[in-house]
Amino acid sequence: MRELIRRIDAATPADRDRAVDALRALAILGVVLGHWLVTALVVDSGVLRGDSPLGHLPQFTPVSWAFQTLAVFFLVGGQVGTKSYLAARARGTTYGRWLGDRLLRLFRPVAVVLVVWTLAVIVMLASGVDGTTLYTLGKRVLSPLWFLLVFAALTAATPLVVRLHPLWPLTVVLHVDLIRFGLNGPEWLGSANILAAWLVPYCLGATWAQGGRHTRAIGWTLLLGGAAVTAGLVRWGGYPASMVGVPGQPVSNLDPPTLAVVTFGLAQCGAALLLLGPLRRLLVRPVVWAVVALVNLSAMTLFLWHQTAMIAVTTLGLFSWVPLPGLHTVPDDTGWVLTRLAWLPVFTLALWVCWAAFRTYEHGPRRGSGRRKRTVTRGTPAPTRPMRRA
């Protein structure tokens, strides 16, 4: 273990901003833990139905504030994507080749998830599993993939984003919500926010990558201003307090994104910028950096398979023949929350099994040993290559 930690630390370029990797790791882990805490698969008359403790326990709402970290992911994505594009352009790499390489690394592991789950659905259909259960399981696996499509679209638009001020997409979100909620406009208009809402933190990241002055004053402005506006929108604007969708609520802050989730994301971006200094000081410790680096190396695998891990534990638990608390029961009391916390290590173990089985698809084919030796000789060890990806 000590040798692995030493190798990771030694292989990291001296000019690498480790805090950016830490923010990405925190964002991914926030999504994973958030889904595990607010997603319930309830046994109802022999079928599995989706539910959420947020629909039964309003006091549980702050969990959605802590673990809905998508804005931080898009902030880091904009920063890393912009730096990558500008570096590729400086090297003379064409836009098509740059984009193709990035999208291949993004969607190669997605293809594996789709193949595995297609086979799983075929097996379940042949076994007589009812349609409601199939829909419930499929939705939990496929619904997180929407953000990858948005991320791919924003990545493709990076050459335009580098010249775009974050206030422009923020203005689009504001006007869309004014028409939808203030003037009773059509619901389909909210689809414009799917790109515009996440373009706001992506643009902030692009500005950051181009040398924008992200001082502590700007961080505090985003944090305090975003939090104050979000509180006002929830208190007087009629927006839901939860920053994720809640079954049964007429309005979701995520589907499609609303102005409230954007202003909340700005507060998160401000907090992220304020954390850069402390994170840089913390990450000089080889052990801490090794953990962050390893999470980043498997970020897509963890994201794509975390719902499958939870589903696997839940379905295997059905062989107990009685509903297990915190796993199959209705999430309507604090007892469910406490027992769900006890299930998290089991979910983690199942996710580790998925990671062991599918992590190679995130990194692509291994290089030949001769190529690896030449890479080490040039002074750029092969293990650092995956850590340069967004």
# chains A, B, ... in the order shown; residues from 1 in each chain; ligands from 1
$ select_by_dssp --residues "range 94-332 of chain A" --states "alpha helix (DSSP H)" --output "ChimeraX atom specification"
/A:95-126,131-142,146-156,158-161,167-177,193-209,216-236,259-282,286-297,299-317
$ atom_distance --atom1 "CA of Arg2 in chain A" --atom2 "CA of Arg280 in chain A"
21.3 Å
$ closest_atom_pairs --of "range 154-190 of chain A" --to "range 265-270 of chain A" --cutoff "12 Å" --atoms "only C-alpha atoms" --output "tab-separated table"
residue	atom	partner	partner_atom	distance
A:Pro166	CA	A:Leu266	CA	10.5
A:Leu167	CA	A:Leu266	CA	11.5
A:Leu170	CA	A:Leu266	CA	10.3
$ residues_around --residues "Ala260 in chain A" --least-positions-apart "2" --cutoff "9 Å" --atoms "only C-alpha atoms" --output "number ranges by chain"
A: 229-231, 233-234, 239-241, 243, 253, 257-258, 262-265
$ closest_atom_pairs --of "range 68-154 of chain A" --to "range 302-312 of chain A" --cutoff "9 Å" --atoms "only C-alpha atoms" --output "CSV"
residue,atom,partner,partner_atom,distance
A:Pro109,CA,A:Leu304,CA,7.9
A:Val110,CA,A:Leu304,CA,7.1
A:Val113,CA,A:Leu304,CA,7.2
A:Leu137,CA,A:Ile311,CA,7.2
A:Arg140,CA,A:Gln307,CA,6.5
A:Val141,CA,A:Gln307,CA,5.8
A:Pro144,CA,A:Leu304,CA,7.9
A:Leu145,CA,A:Leu304,CA,7.8
$ write_last_selection --atoms "all heavy atoms" --output "CSV table (one decimal), in the first residue's frame"
chain,number,residue,atom,x,y,z
A,109,PRO,N,-17.7,3.4,-21.4
A,109,PRO,CA,-18.3,2.7,-20.3
A,109,PRO,C,-19.8,2.7,-20.2
A,109,PRO,O,-20.4,1.8,-19.7
A,109,PRO,CB,-17.7,3.4,-19.0
A,109,PRO,CG,-17.3,4.7,-19.5
A,109,PRO,CD,-16.9,4.6,-20.9
A,110,VAL,N,-20.4,3.7,-20.8
A,110,VAL,CA,-21.9,3.7,-20.9
A,110,VAL,C,-22.4,2.6,-21.7
A,110,VAL,O,-23.4,1.9,-21.4
A,110,VAL,CB,-22.4,5.1,-21.5
A,110,VAL,CG1,-23.9,5.1,-21.7
A,110,VAL,CG2,-22.0,6.2,-20.5
A,113,VAL,N,-22.7,-0.6,-19.7
A,113,VAL,CA,-23.9,-0.6,-18.8
A,113,VAL,C,-25.1,-1.0,-19.6
A,113,VAL,O,-26.0,-1.8,-19.2
A,113,VAL,CB,-24.1,0.8,-18.2
A,113,VAL,CG1,-25.4,0.8,-17.4
A,113,VAL,CG2,-22.9,1.1,-17.2
A,137,LEU,N,-36.9,-0.6,-12.0
A,137,LEU,CA,-35.4,-0.9,-12.0
A,137,LEU,C,-34.7,-0.1,-13.2
A,137,LEU,O,-33.7,0.5,-13.0
A,137,LEU,CB,-35.2,-2.4,-12.1
A,137,LEU,CG,-35.7,-3.2,-11.0
A,137,LEU,CD1,-35.3,-4.7,-11.2
A,137,LEU,CD2,-35.2,-2.8,-9.6
A,140,ARG,N,-34.2,3.6,-12.5
A,140,ARG,CA,-33.2,3.9,-11.6
A,140,ARG,C,-31.8,3.8,-12.3
A,140,ARG,O,-30.9,4.6,-11.9
A,140,ARG,CB,-33.2,3.0,-10.4
A,140,ARG,CG,-34.0,3.5,-9.2
A,140,ARG,CD,-35.4,3.7,-9.6
A,140,ARG,NE,-36.2,4.5,-8.6
A,140,ARG,CZ,-37.4,4.8,-8.9
A,140,ARG,NH1,-38.0,4.5,-10.0
A,140,ARG,NH2,-38.1,5.5,-8.0
A,141,VAL,N,-31.6,2.9,-13.2
A,141,VAL,CA,-30.4,2.7,-13.9
A,141,VAL,C,-30.2,3.8,-15.0
A,141,VAL,O,-29.1,4.4,-15.1
A,141,VAL,CB,-30.3,1.3,-14.5
A,141,VAL,CG1,-29.0,1.2,-15.4
A,141,VAL,CG2,-30.2,0.3,-13.4
A,144,PRO,N,-30.0,8.4,-14.3
A,144,PRO,CA,-28.8,9.2,-14.1
A,144,PRO,C,-28.0,9.5,-15.4
A,144,PRO,O,-27.1,10.4,-15.4
A,144,PRO,CB,-27.9,8.4,-13.1
A,144,PRO,CG,-28.9,7.5,-12.5
A,144,PRO,CD,-29.9,7.2,-13.5
A,145,LEU,N,-28.3,8.8,-16.5
A,145,LEU,CA,-27.5,9.0,-17.7
A,145,LEU,C,-27.9,10.3,-18.4
A,145,LEU,O,-27.1,10.7,-19.3
A,145,LEU,CB,-27.7,7.8,-18.6
A,145,LEU,CG,-27.4,6.4,-18.1
A,145,LEU,CD1,-27.5,5.4,-19.2
A,145,LEU,CD2,-25.9,6.4,-17.6
$ residues_around --residues "Gly317 in chain A" --least-positions-apart "4" --cutoff "12 Å" --atoms "only C-alpha atoms" --output "ChimeraX atom specification"
/A:41-43,310-313,321-329,343,346-347
$ write_last_selection --atoms "all heavy atoms" --output "compact mmCIF listing (two decimals), in the first residue's frame"
# COMPACT_ATOMS: atom_id res chain seq x y z
N LEU A 41 -36.69 1.33 -2.92
CA LEU A 41 -37.39 0.34 -3.75
C LEU A 41 -38.29 -0.47 -2.81
O LEU A 41 -37.82 -1.34 -2.08
CB LEU A 41 -36.40 -0.56 -4.48
CG LEU A 41 -35.47 0.16 -5.47
CD1 LEU A 41 -34.43 -0.82 -6.02
CD2 LEU A 41 -36.26 0.78 -6.61
N VAL A 42 -39.57 -0.13 -2.82
CA VAL A 42 -40.52 -0.69 -1.86
C VAL A 42 -41.23 -1.89 -2.45
O VAL A 42 -41.69 -1.86 -3.60
CB VAL A 42 -41.55 0.39 -1.45
CG1 VAL A 42 -42.56 -0.18 -0.47
CG2 VAL A 42 -40.83 1.59 -0.84
N VAL A 43 -41.32 -2.97 -1.67
CA VAL A 43 -42.08 -4.15 -2.08
C VAL A 43 -43.55 -3.88 -1.84
O VAL A 43 -43.98 -3.60 -0.71
CB VAL A 43 -41.63 -5.39 -1.30
CG1 VAL A 43 -42.48 -6.59 -1.69
CG2 VAL A 43 -40.16 -5.69 -1.55
N MET A 310 -26.96 -0.85 -5.72
CA MET A 310 -28.09 -0.77 -4.79
C MET A 310 -29.20 -1.72 -5.20
O MET A 310 -29.80 -2.41 -4.36
CB MET A 310 -28.62 0.66 -4.75
CG MET A 310 -29.75 0.86 -3.75
SD MET A 310 -30.63 2.42 -3.98
CE MET A 310 -31.47 2.09 -5.53
N ILE A 311 -29.48 -1.80 -6.50
CA ILE A 311 -30.53 -2.70 -7.00
C ILE A 311 -30.17 -4.15 -6.72
O ILE A 311 -31.02 -4.96 -6.35
CB ILE A 311 -30.76 -2.45 -8.50
CG1 ILE A 311 -31.44 -1.09 -8.70
CG2 ILE A 311 -31.59 -3.56 -9.13
CD1 ILE A 311 -31.50 -0.66 -10.15
N ALA A 312 -28.89 -4.48 -6.92
CA ALA A 312 -28.46 -5.86 -6.68
C ALA A 312 -28.68 -6.26 -5.22
O ALA A 312 -29.19 -7.36 -4.93
CB ALA A 312 -26.99 -6.01 -7.07
N VAL A 313 -28.31 -5.40 -4.30
CA VAL A 313 -28.51 -5.70 -2.88
C VAL A 313 -30.00 -5.82 -2.56
O VAL A 313 -30.44 -6.72 -1.84
CB VAL A 313 -27.86 -4.61 -2.01
CG1 VAL A 313 -28.20 -4.82 -0.52
CG2 VAL A 313 -26.35 -4.61 -2.19
N TRP A 321 -37.59 -13.46 1.92
CA TRP A 321 -39.04 -13.73 1.95
C TRP A 321 -39.80 -12.78 2.86
O TRP A 321 -41.03 -12.90 2.98
CB TRP A 321 -39.32 -15.18 2.35
CG TRP A 321 -38.69 -16.17 1.42
CD1 TRP A 321 -37.63 -16.98 1.67
CD2 TRP A 321 -39.07 -16.43 0.06
NE1 TRP A 321 -37.31 -17.74 0.56
CE2 TRP A 321 -38.19 -17.42 -0.45
CE3 TRP A 321 -40.06 -15.94 -0.79
CZ2 TRP A 321 -38.27 -17.91 -1.73
CZ3 TRP A 321 -40.14 -16.43 -2.07
CH2 TRP A 321 -39.26 -17.40 -2.55
N VAL A 322 -39.15 -11.88 3.52
CA VAL A 322 -39.83 -10.85 4.31
C VAL A 322 -39.18 -9.50 3.95
O VAL A 322 -37.98 -9.44 3.71
CB VAL A 322 -39.73 -11.09 5.82
CG1 VAL A 322 -40.48 -12.35 6.21
CG2 VAL A 322 -38.27 -11.19 6.27
N PRO A 323 -39.96 -8.43 3.89
CA PRO A 323 -39.38 -7.12 3.59
C PRO A 323 -38.34 -6.72 4.63
O PRO A 323 -38.59 -6.80 5.84
CB PRO A 323 -40.60 -6.17 3.62
CG PRO A 323 -41.78 -7.06 3.40
CD PRO A 323 -41.43 -8.36 4.05
N LEU A 324 -37.19 -6.32 4.17
CA LEU A 324 -36.11 -5.93 5.08
C LEU A 324 -36.21 -4.43 5.36
O LEU A 324 -36.31 -3.62 4.44
CB LEU A 324 -34.76 -6.26 4.46
CG LEU A 324 -34.48 -7.75 4.22
CD1 LEU A 324 -33.14 -7.93 3.52
CD2 LEU A 324 -34.52 -8.52 5.52
N PRO A 325 -36.17 -4.01 6.62
CA PRO A 325 -36.24 -2.58 6.96
C PRO A 325 -35.10 -1.80 6.31
O PRO A 325 -33.96 -2.26 6.27
CB PRO A 325 -36.11 -2.58 8.50
CG PRO A 325 -36.53 -3.95 8.92
CD PRO A 325 -36.10 -4.87 7.82
N GLY A 326 -35.43 -0.62 5.82
CA GLY A 326 -34.43 0.22 5.17
C GLY A 326 -34.07 -0.21 3.78
O GLY A 326 -33.27 0.46 3.11
N LEU A 327 -34.67 -1.31 3.31
CA LEU A 327 -34.35 -1.83 1.99
C LEU A 327 -35.61 -2.00 1.15
O LEU A 327 -35.68 -1.56 0.02
CB LEU A 327 -33.62 -3.16 2.11
CG LEU A 327 -32.76 -3.59 0.91
CD1 LEU A 327 -31.64 -2.58 0.67
CD2 LEU A 327 -32.17 -4.97 1.13
N HIS A 328 -36.64 -2.64 1.73
CA HIS A 328 -37.88 -2.91 1.00
C HIS A 328 -39.09 -2.20 1.60
O HIS A 328 -40.18 -2.26 1.03
CB HIS A 328 -38.19 -4.41 0.98
CG HIS A 328 -37.06 -5.26 0.51
ND1 HIS A 328 -36.53 -6.29 1.24
CD2 HIS A 328 -36.33 -5.22 -0.64
CE1 HIS A 328 -35.55 -6.87 0.59
NE2 HIS A 328 -35.39 -6.23 -0.56
N THR A 329 -38.91 -1.54 2.75
CA THR A 329 -40.05 -0.95 3.45
C THR A 329 -40.26 0.50 3.04
O THR A 329 -39.38 1.15 2.49
CB THR A 329 -39.82 -1.02 4.97
OG1 THR A 329 -38.55 -0.44 5.28
CG2 THR A 329 -39.82 -2.47 5.44
N TRP A 343 -27.26 0.07 5.73
CA TRP A 343 -27.12 -0.66 4.47
C TRP A 343 -26.02 -0.07 3.58
O TRP A 343 -25.58 -0.73 2.63
CB TRP A 343 -28.44 -0.64 3.69
CG TRP A 343 -29.45 -1.63 4.19
CD1 TRP A 343 -30.60 -1.36 4.88
CD2 TRP A 343 -29.41 -3.06 4.03
NE1 TRP A 343 -31.27 -2.51 5.17
CE2 TRP A 343 -30.56 -3.58 4.65
CE3 TRP A 343 -28.51 -3.94 3.43
CZ2 TRP A 343 -30.84 -4.95 4.69
CZ3 TRP A 343 -28.79 -5.30 3.46
CH2 TRP A 343 -29.93 -5.79 4.08
N VAL A 346 -23.04 -2.17 2.76
CA VAL A 346 -23.36 -3.28 1.87
C VAL A 346 -23.43 -2.79 0.42
O VAL A 346 -22.94 -3.45 -0.50
CB VAL A 346 -24.69 -3.94 2.28
CG1 VAL A 346 -24.97 -5.18 1.43
CG2 VAL A 346 -24.67 -4.31 3.76
N PHE A 347 -24.05 -1.62 0.22
CA PHE A 347 -24.07 -1.03 -1.13
C PHE A 347 -22.64 -0.79 -1.62
O PHE A 347 -22.33 -1.01 -2.80
CB PHE A 347 -24.83 0.30 -1.11
CG PHE A 347 -26.30 0.18 -0.80
CD1 PHE A 347 -27.03 1.30 -0.42
CD2 PHE A 347 -26.96 -1.04 -0.88
CE1 PHE A 347 -28.37 1.21 -0.13
CE2 PHE A 347 -28.31 -1.14 -0.59
CZ PHE A 347 -29.02 -0.01 -0.21
$ closest_atom_pairs --of "range 286-349 of chain A" --to "range 14-37 of chain A" --cutoff "7 Å" --atoms "only C-alpha atoms" --output "Markdown table"
| residue | atom | partner | partner_atom | distance |
| --- | --- | --- | --- | --- |
| A:Val292 | CA | A:Ala22 | CA | 5.8 |
| A:Val295 | CA | A:Ala25 | CA | 6.1 |
| A:Asn296 | CA | A:Ala25 | CA | 5.9 |
| A:Ala299 | CA | A:Ile28 | CA | 6.7 |
| A:Phe303 | CA | A:Val32 | CA | 6.6 |
| A:His306 | CA | A:Val32 | CA | 6.3 |
| A:Arg340 | CA | A:Leu37 | CA | 7.0 |
$ residues_around --residues "Val246 in chain A" --least-positions-apart "4" --cutoff "8 Å" --atoms "only C-alpha atoms" --output "number ranges by chain"
A: 52, 54-55, 242, 252
$ write_last_selection --atoms "N, CA and C atoms" --output "tab-separated table (two decimals), in the first residue's frame"
chain	number	residue	atom	x	y	z
A	52	SER	N	-39.38	7.64	-2.05
A	52	SER	CA	-38.30	8.46	-1.51
A	52	SER	C	-38.68	8.94	-0.12
A	54	LEU	N	-37.91	11.66	1.05
A	54	LEU	CA	-38.20	13.09	0.95
A	54	LEU	C	-39.70	13.35	0.81
A	55	GLY	N	-40.44	12.36	0.28
A	55	GLY	CA	-41.88	12.52	0.15
A	55	GLY	C	-42.63	12.30	1.44
A	242	SER	N	-36.65	20.99	-1.78
A	242	SER	CA	-35.75	19.91	-2.16
A	242	SER	C	-35.08	20.23	-3.48
A	252	SER	N	-40.65	19.83	-9.87
A	252	SER	CA	-39.33	19.32	-9.50
A	252	SER	C	-38.28	20.36	-9.85
$ atom_distance --atom1 "CA of Ser298 in chain A" --atom2 "CA of Pro345 in chain A"
18.4 Å
$ residues_around --residues "Leu195 in chain A" --least-positions-apart "5" --cutoff "12 Å" --atoms "only C-alpha atoms" --output "ChimeraX atom specification"
/A:74,146-155,157,169-170,172-173,190,200-203,254-258,262
$ write_last_selection --atoms "N, CA and C atoms" --output "PDB file, in the first residue's frame"
ATOM      1  N   PHE A  74     -20.212  20.164 -13.051  1.00  0.00           N
ATOM      2  CA  PHE A  74     -20.181  20.949 -14.282  1.00  0.00           C
ATOM      3  C   PHE A  74     -19.170  22.089 -14.193  1.00  0.00           C
ATOM      4  N   TRP A 146     -28.984  10.935 -18.013  1.00  0.00           N
ATOM      5  CA  TRP A 146     -29.367  12.163 -18.709  1.00  0.00           C
ATOM      6  C   TRP A 146     -28.262  13.209 -18.620  1.00  0.00           C
ATOM      7  N   PHE A 147     -27.607  13.247 -17.442  1.00  0.00           N
ATOM      8  CA  PHE A 147     -26.640  14.323 -17.259  1.00  0.00           C
ATOM      9  C   PHE A 147     -25.397  14.099 -18.123  1.00  0.00           C
ATOM     10  N   LEU A 148     -25.114  12.848 -18.492  1.00  0.00           N
ATOM     11  CA  LEU A 148     -23.989  12.591 -19.384  1.00  0.00           C
ATOM     12  C   LEU A 148     -24.266  13.139 -20.776  1.00  0.00           C
ATOM     13  N   LEU A 149     -25.533  13.057 -21.213  1.00  0.00           N
ATOM     14  CA  LEU A 149     -25.887  13.628 -22.512  1.00  0.00           C
ATOM     15  C   LEU A 149     -25.726  15.146 -22.484  1.00  0.00           C
ATOM     16  N   VAL A 150     -26.145  15.771 -21.383  1.00  0.00           N
ATOM     17  CA  VAL A 150     -25.970  17.223 -21.249  1.00  0.00           C
ATOM     18  C   VAL A 150     -24.488  17.565 -21.210  1.00  0.00           C
ATOM     19  N   PHE A 151     -23.714  16.795 -20.460  1.00  0.00           N
ATOM     20  CA  PHE A 151     -22.285  17.051 -20.361  1.00  0.00           C
ATOM     21  C   PHE A 151     -21.616  16.907 -21.725  1.00  0.00           C
ATOM     22  N   ALA A 152     -22.034  15.909 -22.510  1.00  0.00           N
ATOM     23  CA  ALA A 152     -21.475  15.724 -23.846  1.00  0.00           C
ATOM     24  C   ALA A 152     -21.811  16.911 -24.740  1.00  0.00           C
ATOM     25  N   ALA A 153     -23.054  17.415 -24.643  1.00  0.00           N
ATOM     26  CA  ALA A 153     -23.449  18.563 -25.460  1.00  0.00           C
ATOM     27  C   ALA A 153     -22.646  19.807 -25.089  1.00  0.00           C
ATOM     28  N   LEU A 154     -22.440  20.026 -23.799  1.00  0.00           N
ATOM     29  CA  LEU A 154     -21.661  21.187 -23.374  1.00  0.00           C
ATOM     30  C   LEU A 154     -20.188  21.035 -23.758  1.00  0.00           C
ATOM     31  N   THR A 155     -19.681  19.808 -23.692  1.00  0.00           N
ATOM     32  CA  THR A 155     -18.308  19.569 -24.135  1.00  0.00           C
ATOM     33  C   THR A 155     -18.158  19.908 -25.610  1.00  0.00           C
ATOM     34  N   ALA A 157     -19.821  22.014 -27.220  1.00  0.00           N
ATOM     35  CA  ALA A 157     -19.981  23.464 -27.396  1.00  0.00           C
ATOM     36  C   ALA A 157     -18.854  24.261 -26.761  1.00  0.00           C
ATOM     37  N   PRO A 169     -26.677  32.337 -20.103  1.00  0.00           N
ATOM     38  CA  PRO A 169     -27.564  31.198 -19.817  1.00  0.00           C
ATOM     39  C   PRO A 169     -28.399  31.404 -18.559  1.00  0.00           C
ATOM     40  N   LEU A 170     -27.881  32.146 -17.565  1.00  0.00           N
ATOM     41  CA  LEU A 170     -28.672  32.428 -16.374  1.00  0.00           C
ATOM     42  C   LEU A 170     -29.908  33.249 -16.737  1.00  0.00           C
ATOM     43  N   VAL A 172     -31.459  33.148 -19.604  1.00  0.00           N
ATOM     44  CA  VAL A 172     -32.392  32.228 -20.273  1.00  0.00           C
ATOM     45  C   VAL A 172     -33.224  31.474 -19.244  1.00  0.00           C
ATOM     46  N   VAL A 173     -32.585  30.933 -18.224  1.00  0.00           N
ATOM     47  CA  VAL A 173     -33.304  30.193 -17.185  1.00  0.00           C
ATOM     48  C   VAL A 173     -34.321  31.094 -16.492  1.00  0.00           C
ATOM     49  N   GLY A 190     -39.874  24.366 -20.447  1.00  0.00           N
ATOM     50  CA  GLY A 190     -38.846  24.079 -19.460  1.00  0.00           C
ATOM     51  C   GLY A 190     -37.686  23.260 -20.000  1.00  0.00           C
ATOM     52  N   VAL A 200     -24.565  27.345 -16.972  1.00  0.00           N
ATOM     53  CA  VAL A 200     -24.115  28.399 -16.051  1.00  0.00           C
ATOM     54  C   VAL A 200     -22.845  27.972 -15.307  1.00  0.00           C
ATOM     55  N   PRO A 201     -22.838  26.852 -14.569  1.00  0.00           N
ATOM     56  CA  PRO A 201     -21.580  26.463 -13.902  1.00  0.00           C
ATOM     57  C   PRO A 201     -20.496  26.051 -14.901  1.00  0.00           C
ATOM     58  N   TYR A 202     -20.890  25.488 -16.054  1.00  0.00           N
ATOM     59  CA  TYR A 202     -19.880  25.122 -17.058  1.00  0.00           C
ATOM     60  C   TYR A 202     -19.169  26.374 -17.564  1.00  0.00           C
ATOM     61  N   CYS A 203     -19.918  27.450 -17.772  1.00  0.00           N
ATOM     62  CA  CYS A 203     -19.306  28.725 -18.185  1.00  0.00           C
ATOM     63  C   CYS A 203     -18.395  29.282 -17.101  1.00  0.00           C
ATOM     64  N   LEU A 254     -35.320  19.633 -10.573  1.00  0.00           N
ATOM     65  CA  LEU A 254     -34.339  19.023 -11.479  1.00  0.00           C
ATOM     66  C   LEU A 254     -34.932  18.579 -12.809  1.00  0.00           C
ATOM     67  N   ASP A 255     -36.228  18.397 -12.897  1.00  0.00           N
ATOM     68  CA  ASP A 255     -36.819  17.809 -14.094  1.00  0.00           C
ATOM     69  C   ASP A 255     -38.009  18.628 -14.576  1.00  0.00           C
ATOM     70  N   PRO A 256     -37.753  19.708 -15.360  1.00  0.00           N
ATOM     71  CA  PRO A 256     -36.446  20.213 -15.792  1.00  0.00           C
ATOM     72  C   PRO A 256     -35.842  21.131 -14.727  1.00  0.00           C
ATOM     73  N   PRO A 257     -34.572  21.515 -14.888  1.00  0.00           N
ATOM     74  CA  PRO A 257     -33.944  22.403 -13.908  1.00  0.00           C
ATOM     75  C   PRO A 257     -34.674  23.739 -13.818  1.00  0.00           C
ATOM     76  N   THR A 258     -34.735  24.260 -12.617  1.00  0.00           N
ATOM     77  CA  THR A 258     -35.388  25.541 -12.373  1.00  0.00           C
ATOM     78  C   THR A 258     -34.359  26.600 -11.986  1.00  0.00           C
ATOM     79  N   VAL A 262     -30.433  26.463 -10.114  1.00  0.00           N
ATOM     80  CA  VAL A 262     -29.289  27.173 -10.679  1.00  0.00           C
ATOM     81  C   VAL A 262     -28.662  28.090  -9.639  1.00  0.00           C
TER      82      VAL A 262
END
$ atom_distance --atom1 "CA of Ile218 in chain A" --atom2 "CA of Val161 in chain A"
20.3 Å
$ residues_around --residues "Ala293 in chain A" --least-positions-apart "3" --cutoff "8 Å" --atoms "only C-alpha atoms" --output "number ranges by chain"
A: 8, 21, 289-290, 296-297, 387
$ write_last_selection --atoms "C-alpha atoms" --output "PDB file, in the first residue's frame"
ATOM      1  CA  ILE A   8       0.773   7.805  -7.309  1.00  0.00           C
ATOM      2  CA  ASP A  21      -9.544  16.501  -8.828  1.00  0.00           C
ATOM      3  CA  TRP A 289      -3.992  12.522  -2.668  1.00  0.00           C
ATOM      4  CA  ALA A 290      -3.856   8.793  -3.418  1.00  0.00           C
ATOM      5  CA  ASN A 296     -10.940  10.055 -10.144  1.00  0.00           C
ATOM      6  CA  LEU A 297      -9.497   7.109 -12.032  1.00  0.00           C
ATOM      7  CA  MET A 387      -5.995  11.229 -14.240  1.00  0.00           C
TER       8      MET A 387
END
$ closest_atom_pairs --of "range 165-252 of chain A" --to "range 79-84 of chain A" --cutoff "8 Å" --atoms "only C-alpha atoms" --output "CSV"
residue,atom,partner,partner_atom,distance
A:Tyr202,CA,A:Gln79,CA,7.4
A:Leu204,CA,A:Gln79,CA,7.8
A:Gly205,CA,A:Gln79,CA,4.0
A:Ala206,CA,A:Gln79,CA,4.8
A:Thr207,CA,A:Gln79,CA,7.4
A:Trp208,CA,A:Gln79,CA,6.1
A:Ala209,CA,A:Gln79,CA,4.8
A:Gln210,CA,A:Lys83,CA,7.6
$ write_last_selection --atoms "N, CA, C and O atoms" --output "mmCIF file, in the first residue's frame"
data_model
loop_
_atom_site.group_PDB
_atom_site.id
_atom_site.type_symbol
_atom_site.label_atom_id
_atom_site.label_comp_id
_atom_site.auth_asym_id
_atom_site.auth_seq_id
_atom_site.Cartn_x
_atom_site.Cartn_y
_atom_site.Cartn_z
ATOM 1 N N TYR A 202 -20.890 25.488 -16.054
ATOM 2 C CA TYR A 202 -19.880 25.122 -17.058
ATOM 3 C C TYR A 202 -19.169 26.374 -17.564
ATOM 4 O O TYR A 202 -17.947 26.372 -17.751
ATOM 5 N N LEU A 204 -18.817 29.144 -15.845
ATOM 6 C CA LEU A 204 -17.947 29.583 -14.756
ATOM 7 C C LEU A 204 -16.629 28.833 -14.783
ATOM 8 O O LEU A 204 -15.554 29.419 -14.577
ATOM 9 N N GLY A 205 -16.713 27.533 -15.030
ATOM 10 C CA GLY A 205 -15.496 26.741 -15.122
ATOM 11 C C GLY A 205 -14.622 27.165 -16.285
ATOM 12 O O GLY A 205 -13.388 27.189 -16.173
ATOM 13 N N ALA A 206 -15.249 27.505 -17.438
ATOM 14 C CA ALA A 206 -14.487 27.963 -18.592
ATOM 15 C C ALA A 206 -13.782 29.280 -18.290
ATOM 16 O O ALA A 206 -12.617 29.491 -18.675
ATOM 17 N N THR A 207 -14.469 30.180 -17.587
ATOM 18 C CA THR A 207 -13.842 31.444 -17.186
ATOM 19 C C THR A 207 -12.675 31.200 -16.250
ATOM 20 O O THR A 207 -11.610 31.824 -16.363
ATOM 21 N N TRP A 208 -12.850 30.298 -15.327
ATOM 22 C CA TRP A 208 -11.791 29.905 -14.391
ATOM 23 C C TRP A 208 -10.573 29.387 -15.156
ATOM 24 O O TRP A 208 -9.431 29.769 -14.866
ATOM 25 N N ALA A 209 -10.804 28.544 -16.155
ATOM 26 C CA ALA A 209 -9.692 27.956 -16.913
ATOM 27 C C ALA A 209 -8.911 28.991 -17.705
ATOM 28 O O ALA A 209 -7.718 28.806 -17.968
ATOM 29 N N GLN A 210 -9.574 30.073 -18.086
ATOM 30 C CA GLN A 210 -8.921 31.102 -18.890
ATOM 31 C C GLN A 210 -8.278 32.196 -18.042
ATOM 32 O O GLN A 210 -7.937 33.264 -18.552
#
